[in-house]
Each structure stands twice: as structure tokens, then as C-alpha cells.
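Below: the structure, in C-alpha cells.
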Amino acid sequence: MIQRSCLPVFFRVAALALASLCVATCSDNTPNSDQASESAPHTSIVQAPSVPQKPAAPSARQGDVPQGSGFDFYVLSLSWSPSYCAAEGERADRRQCGRGGPKGFVVHGLWPQYFRGGYPADCRSGEPERVPQHLLSAQRDLYPSDGLAAHEWRKHGTCSGLSQADYFKVTRMARDKVRIPRSLGGTVSAPETENAFIVANRGLDPDEIAVDCDRTYLREVQICFDKALEFTACPGVDRRGCRAGRMLMPAN
């Protein structure tokens with residue numbers, strides 16, 4: 001009886017020993033939590049980074065154009081010099097209309113305007129009213145005379161919120177934006193003139209340009225710009241434009 005009862009005990013002891021051996025072996029082959037974090041692949045979800053929208057590339061003008069204040073937009077007025085000389089006769093500026101004077105379209109002025117209509121003029125400014133000669137001399141390829149450049153600063157530039165140097169800089173930049181069509185001359189109409197400028201200047205629309213005339217001559221072409229010197233609509237300026245049927249553009 002004793003021998004038969006010992007046999008089951010032997011098997012139970014053997015089974016326990018075998019189980020202990022298995023546990024020890026398995027624990028050696030199973031990494032702990034620290035090991036798992038180092039050797040097992042990382043399975044946490046990583047959201048793809050949002051792709052930042054590329055900012056609109058500023059034009060060279062946006063970075064370079066001095067920003068005026070106290071008005072809504074500009075009118076660049078280009079005068080057909082031969083019309084001025086013919087219409088004004090003896091009253092015309094001698095430098096502009098004399099031998100060797102400027103030909104073709106010349107800058108009359110860059111004029112701050114209000115969208116509601118009208119414009120500021122002769123404003124009080126921290127800048128001196130008198131323009132130094134060296135600055136006037138630098139504008140002679142734009143304005144037909146020093147006197148006109150000085151007048152334009154006093155009447156319009158002082159209302160731009162710009163320094164003298166920056167006002168003339170913006171005027172030059174606006175003028176450089178405009179291509180003068182070569183097909184104009186002789187007898188023309190306002191629609192023909194506007195269309196010629198629109199064709200020559202990409203992005204210029206009919207409501208951004210106006211023609212000024214008297215009873216006989218085409219006097220000026222006026223183009224509207226925003227403060228960054230992009231063409232901009234100016235219905236009020238357009239409504240004041242020339243309504244004559246045909247006009248003369250005297251030869252240079």
C-alpha cells in the first residue's frame with residue numbers, strides 16, 4: 001500500500017519540476033516592458049504634419065513700395081505734352097514746350113484719391129513744402145519741369161502720408177508700370193485710346209483708366225492704382241472721363 005501511494009506523489013513532483021523549468025525558460029525569452037519599448041516596433045499613431053500653405057509670394061512692389069496713408073487710391077495722370085503746348089500757347093511752360101522739351105506722355109502727377117469721390121489737397125505735413133533742388137533735378141525724366149514737380153508735391157504729395165523722397169519714388173514706380181502704346185496719334189477717340197492702353201498693359205481693365213480732353217485735344221490719360229501699385233477700379237474717375245467724339249493728338 002505504501003509503494004502504490006508513493007507513485008502518484010512521484011509523478012506530482014516530476015510534473016511540478018517540469019512546470020518550473022518551462023516557466024524559467026519562457027521568462028528568459030520574453031522581453032520585459034522596458035525591453036519591449038526598445039525592441040518592439042513603435043505602434044502609436046502619428047498624425048501626418050499639416051502642410052503649411054505657401055504664402056502668396058509678395059510682388060517686388062509690395063516689398064518695395066512705400067505705403068501711403070490718409071487716402072484710398074492713386075491716380076497717375078499722364079499728359080500728352082504736345083496737346084498741352086498747343087492748347088496753352090504763349091501761357092505754356094517754356095521749358096516743356098521750347099526746343100528740346102520733353103515729348104510724348106509726361107507725368108502730370110500722382111494724386112491721392114477717395115473712393116467716395118474727391119481728393120485731399122494742400123495738406124499739412126511733417127515734410128517741408130519746398131522740395132530741395134537735388135530732388136527736383138532727379139525727376140526731370142518724369143516731369144516736364146521742376147516747377148510742376150514742386151507744385152505736385154505741395155498740392156498732392158503732402159497728402160500722401162509719404163516723405164518727399166518716397167512720394168517721388170512711388171510716382172516713378174507707378175510710371176514705370178505703364179507701357180505707352182505706339183499706335184496713338186492724329187485723330188483719336190477716348191475708347192480707342194483706352195483700348196490701346198489696355199492692350200499694351202496686361203491686367204489693365206476698362207474701369208481702371210480714363211481719358212481727359214478739352215474741346216479739341218486729348219489732354220491726359222489717367223490710370224488708377226492701389227497703394228501697392230496694382231491697377232484698381234475707379235468708377236468715379238472713369239465717369240469724369242472725356243465724352244468727346246474725336247480728339248486731336250498733335251505730333252511730337
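How things are named: the first chain in the C-alpha cells is A, the next is B, and so on; residues count from 1 in each chain; ligands count from 1 in the order shown.
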>> List the spatial neighbours of segment 211-228 of chain A as a PyMOL selection string - criterion: any atom at most 6 Å away, only C-alpha atoms, same-chain residues fewer than 4 positions off excluded.
In response: chain A and resi 62+73-80+83+190+232+241-242+247-249
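Pairwise distance (atom CA of Gln67 of chain A, atom CA of His134 of chain A) equals 23.2 Å.
When only C-alpha atoms are used to compute distances to Tyr119 of chain A, the closest of the residues A:Cys97, A:Val107, A:Val237, A:Ala251 turns out to be A:Val237.
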> atom CA of Arg116 of chain A and atom CA of Arg154 of chain A, how far apart in Å?
Replying inline: 22.9 Å
Assign secondary structure with DSSP using the backbone only, and return the residues of segment 68-207 of chain A in alpha helix (DSSP H) as a PDB file with N, CA and C atoms, in the first residue's frame.
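Once written, selection.pdb looks like this:
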ATOM      1  N   SER A  81       2.160 115.844 -73.939  1.00  0.00           N
ATOM      2  CA  SER A  81       2.837 117.138 -73.913  1.00  0.00           C
ATOM      3  C   SER A  81       2.506 118.021 -75.118  1.00  0.00           C
ATOM      4  N   PRO A  82       2.464 117.490 -76.346  1.00  0.00           N
ATOM      5  CA  PRO A  82       2.129 118.351 -77.490  1.00  0.00           C
ATOM      6  C   PRO A  82       0.738 118.985 -77.383  1.00  0.00           C
ATOM      7  N   SER A  83      -0.221 118.274 -76.770  1.00  0.00           N
ATOM      8  CA  SER A  83      -1.551 118.859 -76.585  1.00  0.00           C
ATOM      9  C   SER A  83      -1.497 120.028 -75.611  1.00  0.00           C
ATOM     10  N   TYR A  84      -0.754 119.854 -74.533  1.00  0.00           N
ATOM     11  CA  TYR A  84      -0.605 120.944 -73.569  1.00  0.00           C
ATOM     12  C   TYR A  84       0.000 122.169 -74.242  1.00  0.00           C
ATOM     13  N   CYS A  85       1.053 121.971 -74.998  1.00  0.00           N
ATOM     14  CA  CYS A  85       1.734 123.104 -75.627  1.00  0.00           C
ATOM     15  C   CYS A  85       0.836 123.794 -76.652  1.00  0.00           C
ATOM     16  N   ALA A  86       0.094 122.991 -77.425  1.00  0.00           N
ATOM     17  CA  ALA A  86      -0.790 123.575 -78.429  1.00  0.00           C
ATOM     18  C   ALA A  86      -1.952 124.320 -77.782  1.00  0.00           C
ATOM     19  N   ALA A  87      -2.518 123.759 -76.733  1.00  0.00           N
ATOM     20  CA  ALA A  87      -3.686 124.368 -76.101  1.00  0.00           C
ATOM     21  C   ALA A  87      -3.327 125.604 -75.289  1.00  0.00           C
ATOM     22  N   GLU A  88      -2.180 125.590 -74.636  1.00  0.00           N
ATOM     23  CA  GLU A  88      -1.809 126.702 -73.756  1.00  0.00           C
ATOM     24  C   GLU A  88      -1.131 127.842 -74.504  1.00  0.00           C
ATOM     25  N   ARG A  94       7.797 127.293 -70.808  1.00  0.00           N
ATOM     26  CA  ARG A  94       8.801 127.384 -71.874  1.00  0.00           C
ATOM     27  C   ARG A  94       9.727 126.178 -71.891  1.00  0.00           C
ATOM     28  N   ARG A  95      10.063 125.689 -70.717  1.00  0.00           N
ATOM     29  CA  ARG A  95      10.966 124.532 -70.685  1.00  0.00           C
ATOM     30  C   ARG A  95      10.297 123.320 -71.306  1.00  0.00           C
ATOM     31  N   GLN A  96       9.005 123.151 -71.019  1.00  0.00           N
ATOM     32  CA  GLN A  96       8.305 121.997 -71.557  1.00  0.00           C
ATOM     33  C   GLN A  96       8.067 122.129 -73.052  1.00  0.00           C
ATOM     34  N   CYS A  97       7.727 123.321 -73.510  1.00  0.00           N
ATOM     35  CA  CYS A  97       7.295 123.478 -74.892  1.00  0.00           C
ATOM     36  C   CYS A  97       8.359 124.088 -75.799  1.00  0.00           C
ATOM     37  N   GLN A 133      16.567 121.201 -54.472  1.00  0.00           N
ATOM     38  CA  GLN A 133      16.886 121.176 -55.890  1.00  0.00           C
ATOM     39  C   GLN A 133      17.414 119.821 -56.345  1.00  0.00           C
ATOM     40  N   HIS A 134      18.197 119.171 -55.513  1.00  0.00           N
ATOM     41  CA  HIS A 134      18.749 117.884 -55.945  1.00  0.00           C
ATOM     42  C   HIS A 134      17.647 116.858 -56.178  1.00  0.00           C
ATOM     43  N   LEU A 135      16.564 116.943 -55.406  1.00  0.00           N
ATOM     44  CA  LEU A 135      15.453 116.017 -55.592  1.00  0.00           C
ATOM     45  C   LEU A 135      14.639 116.382 -56.824  1.00  0.00           C
ATOM     46  N   LEU A 136      14.467 117.671 -57.071  1.00  0.00           N
ATOM     47  CA  LEU A 136      13.777 118.091 -58.290  1.00  0.00           C
ATOM     48  C   LEU A 136      14.555 117.684 -59.535  1.00  0.00           C
ATOM     49  N   SER A 137      15.848 117.868 -59.495  1.00  0.00           N
ATOM     50  CA  SER A 137      16.680 117.536 -60.658  1.00  0.00           C
ATOM     51  C   SER A 137      16.591 116.055 -60.992  1.00  0.00           C
ATOM     52  N   ASP A 146      10.756 121.490 -63.384  1.00  0.00           N
ATOM     53  CA  ASP A 146      10.946 121.480 -61.934  1.00  0.00           C
ATOM     54  C   ASP A 146       9.768 122.139 -61.227  1.00  0.00           C
ATOM     55  N   GLY A 147       9.234 123.183 -61.858  1.00  0.00           N
ATOM     56  CA  GLY A 147       8.113 123.888 -61.248  1.00  0.00           C
ATOM     57  C   GLY A 147       6.902 122.990 -61.062  1.00  0.00           C
ATOM     58  N   LEU A 148       6.627 122.145 -62.059  1.00  0.00           N
ATOM     59  CA  LEU A 148       5.487 121.236 -61.941  1.00  0.00           C
ATOM     60  C   LEU A 148       5.735 120.201 -60.850  1.00  0.00           C
ATOM     61  N   ALA A 149       6.933 119.654 -60.801  1.00  0.00           N
ATOM     62  CA  ALA A 149       7.244 118.663 -59.766  1.00  0.00           C
ATOM     63  C   ALA A 149       7.070 119.259 -58.374  1.00  0.00           C
ATOM     64  N   ALA A 150       7.557 120.487 -58.183  1.00  0.00           N
ATOM     65  CA  ALA A 150       7.426 121.144 -56.882  1.00  0.00           C
ATOM     66  C   ALA A 150       5.957 121.408 -56.548  1.00  0.00           C
ATOM     67  N   HIS A 151       5.188 121.841 -57.541  1.00  0.00           N
ATOM     68  CA  HIS A 151       3.759 122.090 -57.334  1.00  0.00           C
ATOM     69  C   HIS A 151       3.033 120.802 -56.956  1.00  0.00           C
ATOM     70  N   GLU A 152       3.355 119.718 -57.629  1.00  0.00           N
ATOM     71  CA  GLU A 152       2.681 118.451 -57.358  1.00  0.00           C
ATOM     72  C   GLU A 152       2.955 117.972 -55.940  1.00  0.00           C
ATOM     73  N   TRP A 153       4.169 118.180 -55.463  1.00  0.00           N
ATOM     74  CA  TRP A 153       4.449 117.814 -54.082  1.00  0.00           C
ATOM     75  C   TRP A 153       3.600 118.639 -53.118  1.00  0.00           C
ATOM     76  N   ARG A 154       3.547 119.943 -53.327  1.00  0.00           N
ATOM     77  CA  ARG A 154       2.814 120.804 -52.402  1.00  0.00           C
ATOM     78  C   ARG A 154       1.322 120.476 -52.387  1.00  0.00           C
ATOM     79  N   LYS A 155       0.755 120.265 -53.553  1.00  0.00           N
ATOM     80  CA  LYS A 155      -0.691 120.063 -53.625  1.00  0.00           C
ATOM     81  C   LYS A 155      -1.100 118.630 -53.308  1.00  0.00           C
ATOM     82  N   GLN A 164       9.018 113.327 -48.945  1.00  0.00           N
ATOM     83  CA  GLN A 164       9.240 113.825 -50.302  1.00  0.00           C
ATOM     84  C   GLN A 164       9.907 112.763 -51.170  1.00  0.00           C
ATOM     85  N   ALA A 165      10.970 112.162 -50.646  1.00  0.00           N
ATOM     86  CA  ALA A 165      11.707 111.171 -51.428  1.00  0.00           C
ATOM     87  C   ALA A 165      10.822 109.985 -51.776  1.00  0.00           C
ATOM     88  N   ASP A 166      10.012 109.528 -50.815  1.00  0.00           N
ATOM     89  CA  ASP A 166       9.163 108.371 -51.078  1.00  0.00           C
ATOM     90  C   ASP A 166       8.024 108.709 -52.033  1.00  0.00           C
ATOM     91  N   TYR A 167       7.498 109.914 -51.946  1.00  0.00           N
ATOM     92  CA  TYR A 167       6.434 110.297 -52.878  1.00  0.00           C
ATOM     93  C   TYR A 167       6.945 110.267 -54.316  1.00  0.00           C
ATOM     94  N   PHE A 168       8.094 110.820 -54.545  1.00  0.00           N
ATOM     95  CA  PHE A 168       8.631 110.801 -55.906  1.00  0.00           C
ATOM     96  C   PHE A 168       9.065 109.393 -56.311  1.00  0.00           C
ATOM     97  N   LYS A 169       9.476 108.587 -55.341  1.00  0.00           N
ATOM     98  CA  LYS A 169       9.810 107.193 -55.641  1.00  0.00           C
ATOM     99  C   LYS A 169       8.574 106.436 -56.100  1.00  0.00           C
ATOM    100  N   VAL A 170       7.459 106.607 -55.388  1.00  0.00           N
ATOM    101  CA  VAL A 170       6.225 105.928 -55.767  1.00  0.00           C
ATOM    102  C   VAL A 170       5.733 106.430 -57.120  1.00  0.00           C
ATOM    103  N   THR A 171       5.867 107.717 -57.365  1.00  0.00           N
ATOM    104  CA  THR A 171       5.485 108.261 -58.671  1.00  0.00           C
ATOM    105  C   THR A 171       6.277 107.594 -59.783  1.00  0.00           C
ATOM    106  N   ARG A 172       7.551 107.455 -59.587  1.00  0.00           N
ATOM    107  CA  ARG A 172       8.394 106.811 -60.600  1.00  0.00           C
ATOM    108  C   ARG A 172       8.000 105.345 -60.795  1.00  0.00           C
ATOM    109  N   MET A 173       7.735 104.665 -59.695  1.00  0.00           N
ATOM    110  CA  MET A 173       7.358 103.257 -59.798  1.00  0.00           C
ATOM    111  C   MET A 173       6.030 103.089 -60.527  1.00  0.00           C
ATOM    112  N   ALA A 174       5.086 103.989 -60.262  1.00  0.00           N
ATOM    113  CA  ALA A 174       3.809 103.925 -60.969  1.00  0.00           C
ATOM    114  C   ALA A 174       4.002 104.179 -62.461  1.00  0.00           C
ATOM    115  N   ARG A 175       4.803 105.176 -62.783  1.00  0.00           N
ATOM    116  CA  ARG A 175       5.059 105.457 -64.202  1.00  0.00           C
ATOM    117  C   ARG A 175       5.742 104.279 -64.884  1.00  0.00           C
ATOM    118  N   ASP A 176       6.658 103.642 -64.185  1.00  0.00           N
ATOM    119  CA  ASP A 176       7.361 102.504 -64.772  1.00  0.00           C
ATOM    120  C   ASP A 176       6.438 101.316 -65.013  1.00  0.00           C
ATOM    121  N   LYS A 177       5.306 101.286 -64.326  1.00  0.00           N
ATOM    122  CA  LYS A 177       4.342 100.206 -64.524  1.00  0.00           C
ATOM    123  C   LYS A 177       3.583 100.316 -65.836  1.00  0.00           C
ATOM    124  N   ALA A 190     -11.798 108.581 -77.270  1.00  0.00           N
ATOM    125  CA  ALA A 190     -11.482 108.088 -75.928  1.00  0.00           C
ATOM    126  C   ALA A 190     -11.482 106.562 -75.874  1.00  0.00           C
ATOM    127  N   PRO A 191     -12.493 105.874 -76.438  1.00  0.00           N
ATOM    128  CA  PRO A 191     -12.456 104.410 -76.405  1.00  0.00           C
ATOM    129  C   PRO A 191     -11.237 103.828 -77.122  1.00  0.00           C
ATOM    130  N   GLU A 192     -10.853 104.418 -78.243  1.00  0.00           N
ATOM    131  CA  GLU A 192      -9.666 103.929 -78.946  1.00  0.00           C
ATOM    132  C   GLU A 192      -8.412 104.088 -78.089  1.00  0.00           C
ATOM    133  N   THR A 193      -8.316 105.213 -77.418  1.00  0.00           N
ATOM    134  CA  THR A 193      -7.139 105.470 -76.586  1.00  0.00           C
ATOM    135  C   THR A 193      -7.091 104.513 -75.407  1.00  0.00           C
ATOM    136  N   GLU A 194      -8.228 104.359 -74.734  1.00  0.00           N
ATOM    137  CA  GLU A 194      -8.268 103.440 -73.603  1.00  0.00           C
ATOM    138  C   GLU A 194      -7.931 102.023 -74.048  1.00  0.00           C
ATOM    139  N   ASN A 195      -8.493 101.593 -75.155  1.00  0.00           N
ATOM    140  CA  ASN A 195      -8.238 100.238 -75.629  1.00  0.00           C
ATOM    141  C   ASN A 195      -6.769 100.032 -75.974  1.00  0.00           C
ATOM    142  N   ALA A 196      -6.142 101.047 -76.556  1.00  0.00           N
ATOM    143  CA  ALA A 196      -4.717 100.924 -76.881  1.00  0.00           C
ATOM    144  C   ALA A 196      -3.884 100.724 -75.614  1.00  0.00           C
ATOM    145  N   PHE A 197      -4.219 101.437 -74.552  1.00  0.00           N
ATOM    146  CA  PHE A 197      -3.502 101.254 -73.283  1.00  0.00           C
ATOM    147  C   PHE A 197      -3.809  99.894 -72.667  1.00  0.00           C
ATOM    148  N   ILE A 198      -5.048  99.453 -72.769  1.00  0.00           N
ATOM    149  CA  ILE A 198      -5.425  98.155 -72.210  1.00  0.00           C
ATOM    150  C   ILE A 198      -4.673  97.030 -72.910  1.00  0.00           C
ATOM    151  N   VAL A 199      -4.557  97.123 -74.218  1.00  0.00           N
ATOM    152  CA  VAL A 199      -3.823  96.105 -74.972  1.00  0.00           C
ATOM    153  C   VAL A 199      -2.343  96.112 -74.599  1.00  0.00           C
ATOM    154  N   ALA A 200      -1.798  97.296 -74.392  1.00  0.00           N
ATOM    155  CA  ALA A 200      -0.364  97.411 -74.094  1.00  0.00           C
ATOM    156  C   ALA A 200      -0.023  97.044 -72.657  1.00  0.00           C
TER     157      ALA A 200
END
>> If we count only C-alpha atoms and set the cut-off at 7 Å, which residues sit around Pro144 of chain A, ignoring sequence neighbours fewer than 3 positions away in its own chain? Please answer as number ranges by chain.
In response: A: 96, 102, 106, 140
> Which value, in Å to one decimal, gives the distance between atom CA of Gly157 of chain A and atom CA of Asn252 of chain A?
Replying inline: 29.2 Å
